[in-house]
file entry19.pdb (PDB, C-alpha atoms)
ATOM      1  CA  MET A   1       7.995  40.421 -16.190
ATOM      2  CA  HIS A   2       9.984  37.271 -15.573
ATOM      3  CA  PHE A   3       9.658  37.275 -11.791
ATOM      4  CA  PRO A   4       6.160  35.655 -11.604
ATOM      5  CA  ALA A   5       7.401  32.715 -13.672
ATOM      6  CA  VAL A   6      10.414  32.313 -11.404
ATOM      7  CA  ARG A   7       8.161  32.337  -8.348
ATOM      8  CA  LEU A   8       5.903  29.721  -9.967
ATOM      9  CA  VAL A   9       8.853  27.442 -10.727
ATOM     10  CA  SER A  10      10.194  27.879  -7.186
ATOM     11  CA  ALA A  11       6.797  27.023  -5.731
ATOM     12  CA  ALA A  12       6.631  23.902  -7.890
ATOM     13  CA  VAL A  13      10.088  22.791  -6.717
ATOM     14  CA  VAL A  14       9.136  23.352  -3.085
ATOM     15  CA  ALA A  15       5.951  21.327  -3.591
ATOM     16  CA  LEU A  16       7.919  18.482  -5.152
ATOM     17  CA  LEU A  17      10.440  18.494  -2.311
ATOM     18  CA  ALA A  18       7.640  18.529   0.247
ATOM     19  CA  GLY A  19       6.043  15.529  -1.449
ATOM     20  CA  ALA A  20       9.360  13.678  -1.469
ATOM     21  CA  ALA A  21       9.782  14.344   2.243
ATOM     22  CA  LEU A  22       6.419  12.729   2.939
ATOM     23  CA  ALA A  23       7.123   9.582   0.938
ATOM     24  CA  ALA A  24       7.481   6.413   3.006
ATOM     25  CA  THR A  25      11.137   5.367   2.890
ATOM     26  CA  PRO A  26      12.592   2.266   4.581
ATOM     27  CA  GLY A  27      14.247   3.239   7.847
ATOM     28  CA  GLN A  28      12.080   6.336   8.242
ATOM     29  CA  PRO A  29       8.878   6.818  10.267
ATOM     30  CA  ALA A  30       5.742   5.849   8.361
ATOM     31  CA  PRO A  31       3.540   8.899   7.693
ATOM     32  CA  ASP A  32       0.550   8.779   9.998
ATOM     33  CA  PHE A  33      -2.925   8.965   8.491
ATOM     34  CA  THR A  34      -6.608   8.750   9.292
ATOM     35  CA  VAL A  35      -8.736   7.202   6.526
ATOM     36  CA  ASN A  36     -12.304   5.895   6.624
ATOM     37  CA  ASP A  37     -12.729   2.184   6.164
ATOM     38  CA  ALA A  38     -15.342   0.653   3.869
ATOM     39  CA  SER A  39     -18.033   1.113   6.530
ATOM     40  CA  GLY A  40     -17.152   4.773   7.089
ATOM     41  CA  LYS A  41     -15.254   4.255  10.364
ATOM     42  CA  PRO A  42     -12.053   6.325  10.724
ATOM     43  CA  VAL A  43      -8.878   4.227  10.920
ATOM     44  CA  LYS A  44      -5.718   5.870  12.262
ATOM     45  CA  LEU A  45      -2.343   4.251  11.599
ATOM     46  CA  SER A  46      -0.883   5.276  14.954
ATOM     47  CA  GLU A  47      -3.586   3.231  16.707
ATOM     48  CA  PHE A  48      -1.619   0.144  15.704
ATOM     49  CA  ARG A  49       1.707   1.230  17.208
ATOM     50  CA  GLY A  50       3.299  -1.804  18.824
ATOM     51  CA  LYS A  51       2.251  -4.123  15.996
ATOM     52  CA  HIS A  52       3.497  -4.829  12.512
ATOM     53  CA  VAL A  53       1.349  -3.236   9.822
ATOM     54  CA  VAL A  54       1.109  -4.021   6.109
ATOM     55  CA  LEU A  55      -0.257  -1.453   3.674
ATOM     56  CA  GLU A  56      -1.442  -2.965   0.398
ATOM     57  CA  TRP A  57      -2.430  -0.510  -2.331
ATOM     58  CA  THR A  58      -5.198  -2.089  -4.372
ATOM     59  CA  ASN A  59      -7.660  -1.526  -7.222
ATOM     60  CA  PRO A  60     -10.073  -4.286  -8.304
ATOM     61  CA  GLU A  61      -9.873  -3.096 -11.929
ATOM     62  CA  CYS A  62      -6.110  -3.683 -12.172
ATOM     63  CA  PRO A  63      -4.950  -6.926 -13.873
ATOM     64  CA  PHE A  64      -1.925  -7.095 -11.551
ATOM     65  CA  VAL A  65      -4.176  -6.945  -8.496
ATOM     66  CA  GLN A  66      -6.418  -9.561 -10.110
ATOM     67  CA  LYS A  67      -3.355 -11.759 -10.612
ATOM     68  CA  HIS A  68      -2.639 -11.938  -6.892
ATOM     69  CA  TYR A  69      -6.265 -12.315  -5.845
ATOM     70  CA  ASN A  70      -7.197 -14.845  -8.546
ATOM     71  CA  ALA A  71      -4.182 -16.923  -7.519
ATOM     72  CA  LYS A  72      -5.271 -16.537  -3.852
ATOM     73  CA  ASN A  73      -1.816 -15.184  -3.103
ATOM     74  CA  MET A  74      -2.894 -11.946  -1.419
ATOM     75  CA  GLN A  75      -5.561 -13.710   0.631
ATOM     76  CA  ALA A  76      -3.017 -16.306   1.785
ATOM     77  CA  LEU A  77      -0.674 -13.563   3.005
ATOM     78  CA  GLN A  78      -3.505 -11.759   4.789
ATOM     79  CA  LYS A  79      -4.523 -14.965   6.558
ATOM     80  CA  GLU A  80      -0.994 -16.136   7.349
ATOM     81  CA  PHE A  81       0.124 -12.913   8.955
ATOM     82  CA  GLY A  82      -3.230 -11.967  10.413
ATOM     83  CA  ALA A  83      -2.819 -15.111  12.527
ATOM     84  CA  LYS A  84       0.471 -13.602  13.764
ATOM     85  CA  GLU A  85      -1.298 -10.367  14.802
ATOM     86  CA  VAL A  86       0.008  -8.386  11.855
ATOM     87  CA  VAL A  87      -2.440  -5.590  10.960
ATOM     88  CA  TRP A  88      -3.186  -5.754   7.235
ATOM     89  CA  LEU A  89      -4.739  -2.653   5.658
ATOM     90  CA  SER A  90      -5.845  -2.682   2.021
ATOM     91  CA  VAL A  91      -5.870   0.864   0.643
ATOM     92  CA  ASN A  92      -7.725   2.070  -2.445
ATOM     93  CA  SER A  93      -6.493   5.556  -3.393
ATOM     94  CA  THR A  94      -8.441   5.768  -6.662
ATOM     95  CA  SER A  95      -9.830   9.286  -6.966
ATOM     96  CA  ARG A  96     -13.584   9.573  -6.507
ATOM     97  CA  ASP A  97     -13.643  11.345  -9.897
ATOM     98  CA  HIS A  98     -12.031   8.422 -11.756
ATOM     99  CA  SER A  99     -14.041   5.857 -13.730
ATOM    100  CA  GLU A 100     -12.430   3.021 -11.708
ATOM    101  CA  TYR A 101     -13.488   4.480  -8.353
ATOM    102  CA  LYS A 102     -15.225   2.089  -5.944
ATOM    103  CA  ASP A 103     -17.076   3.296  -2.864
ATOM    104  CA  GLY A 104     -16.925   1.564   0.504
ATOM    105  CA  ALA A 105     -19.829  -0.787  -0.164
ATOM    106  CA  GLN A 106     -18.384  -1.842  -3.520
ATOM    107  CA  MET A 107     -14.915  -2.450  -2.062
ATOM    108  CA  ALA A 108     -16.330  -4.415   0.872
ATOM    109  CA  ALA A 109     -18.394  -6.589  -1.490
ATOM    110  CA  TRP A 110     -15.399  -7.177  -3.749
ATOM    111  CA  MET A 111     -13.099  -8.128  -0.862
ATOM    112  CA  GLN A 112     -15.736 -10.490   0.544
ATOM    113  CA  LYS A 113     -16.164 -12.126  -2.870
ATOM    114  CA  GLN A 114     -12.391 -12.610  -3.068
ATOM    115  CA  GLY A 115     -12.294 -14.222   0.353
ATOM    116  CA  GLY A 116      -9.829 -11.637   1.592
ATOM    117  CA  SER A 117      -9.272 -10.967   5.280
ATOM    118  CA  PRO A 118      -7.496  -7.645   5.791
ATOM    119  CA  LYS A 119      -8.028  -5.842   9.089
ATOM    120  CA  ALA A 120      -9.711  -3.083   7.072
ATOM    121  CA  VAL A 121     -10.267  -1.828   3.541
ATOM    122  CA  LEU A 122      -9.511   1.891   3.455
ATOM    123  CA  ILE A 123     -11.204   4.281   1.017
ATOM    124  CA  ASP A 124      -8.595   6.972   0.351
ATOM    125  CA  ASP A 125     -10.794   8.687  -2.233
ATOM    126  CA  ALA A 126      -9.054  12.049  -1.810
ATOM    127  CA  SER A 127      -5.763  10.201  -2.541
ATOM    128  CA  THR A 128      -4.098  12.015   0.377
ATOM    129  CA  THR A 129      -2.570   8.920   1.949
ATOM    130  CA  GLY A 130      -1.514   7.454  -1.387
ATOM    131  CA  ARG A 131       0.366  10.640  -2.193
ATOM    132  CA  ALA A 132       1.900  10.805   1.293
ATOM    133  CA  TYR A 133       3.363   7.340   0.755
ATOM    134  CA  ALA A 134       4.204   8.028  -2.906
ATOM    135  CA  ALA A 135       2.268   4.863  -3.752
ATOM    136  CA  ARG A 136       2.884   4.320  -7.456
ATOM    137  CA  THR A 137       1.235   1.061  -8.402
ATOM    138  CA  THR A 138      -1.441  -1.442  -7.494
ATOM    139  CA  PRO A 139      -0.246  -3.411  -5.750
ATOM    140  CA  HIS A 140       2.396  -1.340  -3.910
ATOM    141  CA  MET A 141       3.351  -2.831  -0.561
ATOM    142  CA  PHE A 142       4.684  -1.319   2.662
ATOM    143  CA  VAL A 143       5.669  -3.106   5.879
ATOM    144  CA  ILE A 144       5.798  -1.033   9.073
ATOM    145  CA  ASP A 145       7.400  -2.305  12.269
ATOM    146  CA  PRO A 146       6.015  -1.942  15.821
ATOM    147  CA  ALA A 147       8.065   1.235  16.331
ATOM    148  CA  GLY A 148       6.240   2.846  13.406
ATOM    149  CA  LYS A 149       9.137   2.707  10.933
ATOM    150  CA  VAL A 150       8.930   1.486   7.358
ATOM    151  CA  VAL A 151      11.024  -1.676   6.993
ATOM    152  CA  TYR A 152       9.951  -2.617   3.471
ATOM    153  CA  ALA A 153       8.551  -0.731   0.492
ATOM    154  CA  GLY A 154       8.036  -1.957  -3.052
ATOM    155  CA  ALA A 155       6.764  -4.899  -5.068
ATOM    156  CA  ILE A 156       4.977  -7.890  -3.618
ATOM    157  CA  ASP A 157       7.369 -10.280  -5.384
ATOM    158  CA  ASP A 158       9.936 -10.613  -8.177
ATOM    159  CA  LYS A 159       7.607 -11.911 -10.931
ATOM    160  CA  ARG A 160       6.675  -8.684 -12.680
ATOM    161  CA  SER A 161       3.733  -9.943 -14.707
ATOM    162  CA  ALA A 162      -0.079 -10.075 -14.605
ATOM    163  CA  ASN A 163      -0.119 -13.865 -15.038
ATOM    164  CA  PRO A 164      -1.489 -15.738 -11.968
ATOM    165  CA  ALA A 165       0.671 -18.730 -12.874
ATOM    166  CA  ASP A 166       3.772 -16.674 -12.096
ATOM    167  CA  VAL A 167       2.878 -16.486  -8.408
ATOM    168  CA  LYS A 168       4.150 -20.020  -7.967
ATOM    169  CA  GLY A 169       7.890 -19.964  -7.451
ATOM    170  CA  ALA A 170       8.079 -16.197  -7.021
ATOM    171  CA  ASN A 171      10.296 -14.661  -4.356
ATOM    172  CA  ASN A 172       7.717 -12.949  -2.130
ATOM    173  CA  PHE A 173       9.387  -9.842  -0.729
ATOM    174  CA  VAL A 174       6.537  -9.080   1.681
ATOM    175  CA  ARG A 175       6.579 -12.520   3.290
ATOM    176  CA  ALA A 176      10.362 -12.379   3.614
ATOM    177  CA  ALA A 177      10.301  -8.893   5.151
ATOM    178  CA  LEU A 178       7.604  -9.826   7.648
ATOM    179  CA  ASN A 179       9.283 -13.064   8.681
ATOM    180  CA  GLU A 180      12.598 -11.305   9.266
ATOM    181  CA  SER A 181      11.085  -8.365  11.106
ATOM    182  CA  LEU A 182       8.843 -10.573  13.253
ATOM    183  CA  ALA A 183      11.964 -12.527  14.226
ATOM    184  CA  GLY A 184      13.667  -9.293  15.284
ATOM    185  CA  LYS A 185      16.093  -9.361  12.358
ATOM    186  CA  PRO A 186      16.886  -6.531   9.938
ATOM    187  CA  VAL A 187      15.078  -6.848   6.614
ATOM    188  CA  THR A 188      17.528  -8.065   3.998
ATOM    189  CA  THR A 189      15.659  -6.576   1.016
ATOM    190  CA  ALA A 190      14.103  -3.358   2.300
ATOM    191  CA  SER A 191      13.264  -1.713  -1.014
ATOM    192  CA  THR A 192      12.309  -2.858  -4.503
ATOM    193  CA  THR A 193      10.694  -1.212  -7.508
ATOM    194  CA  PRO A 194       6.920  -1.788  -7.408
ATOM    195  CA  TYR A 195       5.097  -3.114 -10.449
ATOM    196  CA  GLY A 196       1.467  -3.056 -11.507
ATOM    197  CA  CYS A 197      -1.087  -0.503 -12.730
ATOM    198  CA  SER A 198      -0.619   3.157 -11.910
ATOM    199  CA  VAL A 199      -2.556   4.435  -8.910
ATOM    200  CA  LYS A 200      -5.509   6.350 -10.343
ATOM    201  CA  TYR A 201      -5.025   9.721  -8.641
TER     202      TYR A 201
END

call {"tool": "encode", "arguments": {"input": "entry19.pdb", "output": "structure tokens"}}
result
Amino acid sequence: MHFPAVRLVSAAVVALLAGAALAATPGQPAPDFTVNDASGKPVKLSEFRGKHVVLEWTNPECPFVQKHYNAKNMQALQKEFGAKEVVWLSVNSTSRDHSEYKDGAQMAAWMQKQGGSPKAVLIDDASTTGRAYAARTTPHMFVIDPAGKVVYAGAIDDKRSANPADVKGANNFVRAALNESLAGKPVTTASTTPYGCSVKY
């Protein structure tokens, strides 16, 4: 009578290990994905091989996301590195069943209102890509190099608050990682603990 329970536990462990294997870890290949953008067009990560890519997990309802957009910090990064041909993808993995879910039209309108300029806003409403990357917070940032490897994963900066005033003077891990990687140097700080709201899976 105990065998079914054992099999259930074993299956759960296998599932957890499989999820861990998919998580995006610095030094490892970034999991490929195809996700529709806000207009419904499929966007495939591997299409951008040969360029640096930033993945920014976002949710307009999150005070920590609002911090970086209200302070114009996220928009400044998008503009700065977009000019250097870095592909910036903003990803919303909020489940379509969650009260904070935004469809493509709503996300596009929000990003336009913020003055943001990512290459695309991705609607990961099945949360598949968020889970593949083990994205934990909004924001949660990943930098991928031209070879398709993750070179940075974690927080946007070292000021772990929702106060826009704290953006000034913060050590921006994403900017540092991109500048080093674009210069052909190894990323000094490749991993940090992300902060923000939980991703609404």

call {"tool": "atom_distance", "arguments": {"input": "entry19.pdb", "atom1": "atom CA of A:Asp145", "atom2": "atom CA of A:Ile123"}}
result
22.7 Å

call {"tool": "atom_distance", "arguments": {"input": "entry19.pdb", "atom1": "atom CA of A:Met111", "atom2": "atom CA of A:Thr189"}}
result
28.9 Å

call {"tool": "residues_around", "arguments": {"input": "entry19.pdb", "residues": "A:Val65", "least_positions_apart": "6", "cutoff": "9 Å", "atoms": "all atoms listed in the file", "output": "MDAnalysis selection string"}}
result
chainID A and resid 58:59 74 138:139 162 196:197

call {"tool": "write_last_selection", "arguments": {"input": "entry19.pdb", "atoms": "C-alpha atoms", "output": "mmCIF file, keeping the file's coordinate frame"}}
result
data_model
loop_
_atom_site.group_PDB
_atom_site.id
_atom_site.type_symbol
_atom_site.label_atom_id
_atom_site.label_comp_id
_atom_site.auth_asym_id
_atom_site.auth_seq_id
_atom_site.Cartn_x
_atom_site.Cartn_y
_atom_site.Cartn_z
ATOM 1 C CA THR A 58 -5.198 -2.089 -4.372
ATOM 2 C CA ASN A 59 -7.660 -1.526 -7.222
ATOM 3 C CA MET A 74 -2.894 -11.946 -1.419
ATOM 4 C CA THR A 138 -1.441 -1.442 -7.494
ATOM 5 C CA PRO A 139 -0.246 -3.411 -5.750
ATOM 6 C CA ALA A 162 -0.079 -10.075 -14.605
ATOM 7 C CA GLY A 196 1.467 -3.056 -11.507
ATOM 8 C CA CYS A 197 -1.087 -0.503 -12.730
#

call {"tool": "resolve_selection", "arguments": {"input": "entry19.pdb", "expression": "the PyMOL selection byres ((chain A and resi 132) around 7)", "output": "number ranges by chain"}}
result
A: 19, 22-23, 31, 128-131, 133-134

call {"tool": "residues_near_point", "arguments": {"input": "entry19.pdb", "point": "(-2.4, -16.5, 5.3)", "cutoff": "12 Å", "atoms": "all atoms listed in the file", "output": "PyMOL selection string"}}
result
chain A and resi 72-86+88+115-118+175

call {"tool": "residues_around", "arguments": {"input": "entry19.pdb", "residues": "A:Thr192", "least_positions_apart": "6", "cutoff": "9 Å", "atoms": "all atoms listed in the file", "output": "list in words"}}
result
Tyr152, Ala153, Gly154, Ala155, Ile156, Asp157, Asp158 and Phe173 of chain A

call {"tool": "closest_residue", "arguments": {"input": "entry19.pdb", "among": "A:Phe142, A:Tyr69, A:Phe48, A:Trp57", "to": "A:Asp124", "atoms": "only C-alpha atoms"}}
result
A:Trp57

call {"tool": "atom_distance", "arguments": {"input": "entry19.pdb", "atom1": "atom CA of A:Gln66", "atom2": "atom CA of A:Ser39"}}
result
22.9 Å

call {"tool": "resolve_selection", "arguments": {"input": "entry19.pdb", "expression": "the PyMOL selection byres ((chain A and resi 146) around 12)", "output": "list in words"}}
result
Pro29, Ala30, Leu45, Ser46, Glu47, Phe48, Arg49, Gly50, Lys51, His52, Val53, Val54, Glu85, Val86, Val87, Val143, Ile144, Asp145, Ala147, Gly148, Lys149, Val150, Val151, Leu178, Ser181, Leu182 and Gly184 of chain A

call {"tool": "residues_around", "arguments": {"input": "entry19.pdb", "residues": "A:Glu100", "least_positions_apart": "2", "cutoff": "12 Å", "atoms": "only C-alpha atoms", "output": "VMD selection string"}}
result
chain A and resid 58 to 62 92 to 98 102 to 103 106 to 107 125 197 to 201

call {"tool": "residues_around", "arguments": {"input": "entry19.pdb", "residues": "A:Arg160", "least_positions_apart": "5", "cutoff": "10 Å", "atoms": "all atoms listed in the file", "output": "JSON, numbers by chain"}}
result
{"A": [64, 155, 166, 167, 170, 193, 194, 195, 196]}

call {"tool": "write_last_selection", "arguments": {"input": "entry19.pdb", "atoms": "C-alpha atoms", "output": "PDB file, in the frame of the given file"}}
result
ATOM      1  CA  PHE A  64      -1.925  -7.095 -11.551  1.00  0.00           C
ATOM      2  CA  ALA A 155       6.764  -4.899  -5.068  1.00  0.00           C
ATOM      3  CA  ASP A 166       3.772 -16.674 -12.096  1.00  0.00           C
ATOM      4  CA  VAL A 167       2.878 -16.486  -8.408  1.00  0.00           C
ATOM      5  CA  ALA A 170       8.079 -16.197  -7.021  1.00  0.00           C
ATOM      6  CA  THR A 193      10.694  -1.212  -7.508  1.00  0.00           C
ATOM      7  CA  PRO A 194       6.920  -1.788  -7.408  1.00  0.00           C
ATOM      8  CA  TYR A 195       5.097  -3.114 -10.449  1.00  0.00           C
ATOM      9  CA  GLY A 196       1.467  -3.056 -11.507  1.00  0.00           C
TER      10      GLY A 196
END

call {"tool": "axis_aligned_box", "arguments": {"input": "entry19.pdb", "around": "stretch 51-61 of chain A", "padding_each_side": "6 Å", "output": "JSON"}}
result
{"center_x": -3.3, "center_y": -2.7, "center_z": 2.0, "size_x": 25.6, "size_y": 16.3, "size_z": 39.9}

call {"tool": "closest_residue", "arguments": {"input": "entry19.pdb", "among": "A:Asn179, A:Ala126, A:Asn70, A:Ala190", "to": "A:Met141", "atoms": "only C-alpha atoms"}}
result
A:Ala190

call {"tool": "closest_residue", "arguments": {"input": "entry19.pdb", "among": "A:Gln114, A:Ser161, A:Asn171, A:Ser127", "to": "A:Tyr101", "atoms": "all atoms listed in the file"}}
result
A:Ser127

call {"tool": "build_atoms", "arguments": {"input": "entry19.pdb", "residues": "stretch 138-164 of chain A", "atoms": "N, CA and C atoms", "output": "short mmCIF file (atom, residue, chain, number, x, y, z; two decimals), keeping the file's coordinate frame"}}
result
data_model
loop_
_atom_site.label_atom_id
_atom_site.label_comp_id
_atom_site.auth_asym_id
_atom_site.auth_seq_id
_atom_site.Cartn_x
_atom_site.Cartn_y
_atom_site.Cartn_z
N THR A 138 -0.61 -0.45 -8.20
CA THR A 138 -1.44 -1.44 -7.49
C THR A 138 -1.05 -2.81 -8.04
N PRO A 139 -0.52 -3.69 -7.16
CA PRO A 139 -0.25 -3.41 -5.75
C PRO A 139 1.07 -2.67 -5.53
N HIS A 140 1.16 -1.92 -4.44
CA HIS A 140 2.40 -1.34 -3.91
C HIS A 140 2.35 -1.64 -2.43
N MET A 141 3.39 -2.27 -1.91
CA MET A 141 3.35 -2.83 -0.56
C MET A 141 4.31 -2.10 0.39
N PHE A 142 3.85 -1.91 1.62
CA PHE A 142 4.68 -1.32 2.66
C PHE A 142 4.54 -2.16 3.92
N VAL A 143 5.66 -2.42 4.58
CA VAL A 143 5.67 -3.11 5.88
C VAL A 143 6.20 -2.13 6.91
N ILE A 144 5.45 -1.97 8.00
CA ILE A 144 5.80 -1.03 9.07
C ILE A 144 6.02 -1.83 10.35
N ASP A 145 7.09 -1.54 11.06
CA ASP A 145 7.40 -2.31 12.27
C ASP A 145 6.67 -1.73 13.49
N PRO A 146 6.74 -2.40 14.64
CA PRO A 146 6.02 -1.94 15.82
C PRO A 146 6.43 -0.55 16.31
N ALA A 147 7.61 -0.10 15.95
CA ALA A 147 8.06 1.24 16.33
C ALA A 147 7.53 2.31 15.39
N GLY A 148 6.81 1.88 14.34
CA GLY A 148 6.24 2.85 13.41
C GLY A 148 7.16 3.22 12.26
N LYS A 149 8.22 2.43 12.04
CA LYS A 149 9.14 2.71 10.93
C LYS A 149 8.87 1.78 9.75
N VAL A 150 9.06 2.30 8.57
CA VAL A 150 8.93 1.49 7.36
C VAL A 150 10.15 0.57 7.27
N VAL A 151 9.92 -0.73 7.13
CA VAL A 151 11.02 -1.68 6.99
C VAL A 151 11.05 -2.31 5.60
N TYR A 152 9.96 -2.15 4.86
CA TYR A 152 9.95 -2.62 3.47
C TYR A 152 9.01 -1.75 2.66
N ALA A 153 9.41 -1.46 1.43
CA ALA A 153 8.55 -0.73 0.49
C ALA A 153 8.86 -1.21 -0.92
N GLY A 154 7.80 -1.56 -1.66
CA GLY A 154 8.04 -1.96 -3.05
C GLY A 154 7.06 -2.99 -3.56
N ALA A 155 7.57 -3.87 -4.40
CA ALA A 155 6.76 -4.90 -5.07
C ALA A 155 6.40 -6.02 -4.10
N ILE A 156 5.35 -6.74 -4.44
CA ILE A 156 4.98 -7.89 -3.62
C ILE A 156 5.95 -9.05 -3.84
N ASP A 157 6.44 -9.19 -5.08
CA ASP A 157 7.37 -10.28 -5.38
C ASP A 157 8.21 -9.92 -6.60
N ASP A 158 9.00 -10.89 -7.08
CA ASP A 158 9.94 -10.61 -8.18
C ASP A 158 9.44 -11.09 -9.54
N LYS A 159 8.17 -11.49 -9.64
CA LYS A 159 7.61 -11.91 -10.93
C LYS A 159 6.73 -10.78 -11.46
N ARG A 160 7.32 -9.93 -12.27
CA ARG A 160 6.68 -8.68 -12.68
C ARG A 160 5.75 -8.90 -13.87
N SER A 161 4.68 -9.66 -13.63
CA SER A 161 3.73 -9.94 -14.71
C SER A 161 2.32 -9.90 -14.13
N ALA A 162 1.32 -10.01 -15.03
CA ALA A 162 -0.08 -10.07 -14.60
C ALA A 162 -0.62 -11.49 -14.71
N ASN A 163 0.27 -12.46 -14.86
CA ASN A 163 -0.12 -13.86 -15.04
C ASN A 163 -0.19 -14.58 -13.68
N PRO A 164 -1.37 -15.06 -13.27
CA PRO A 164 -1.49 -15.74 -11.97
C PRO A 164 -0.56 -16.94 -11.83
#
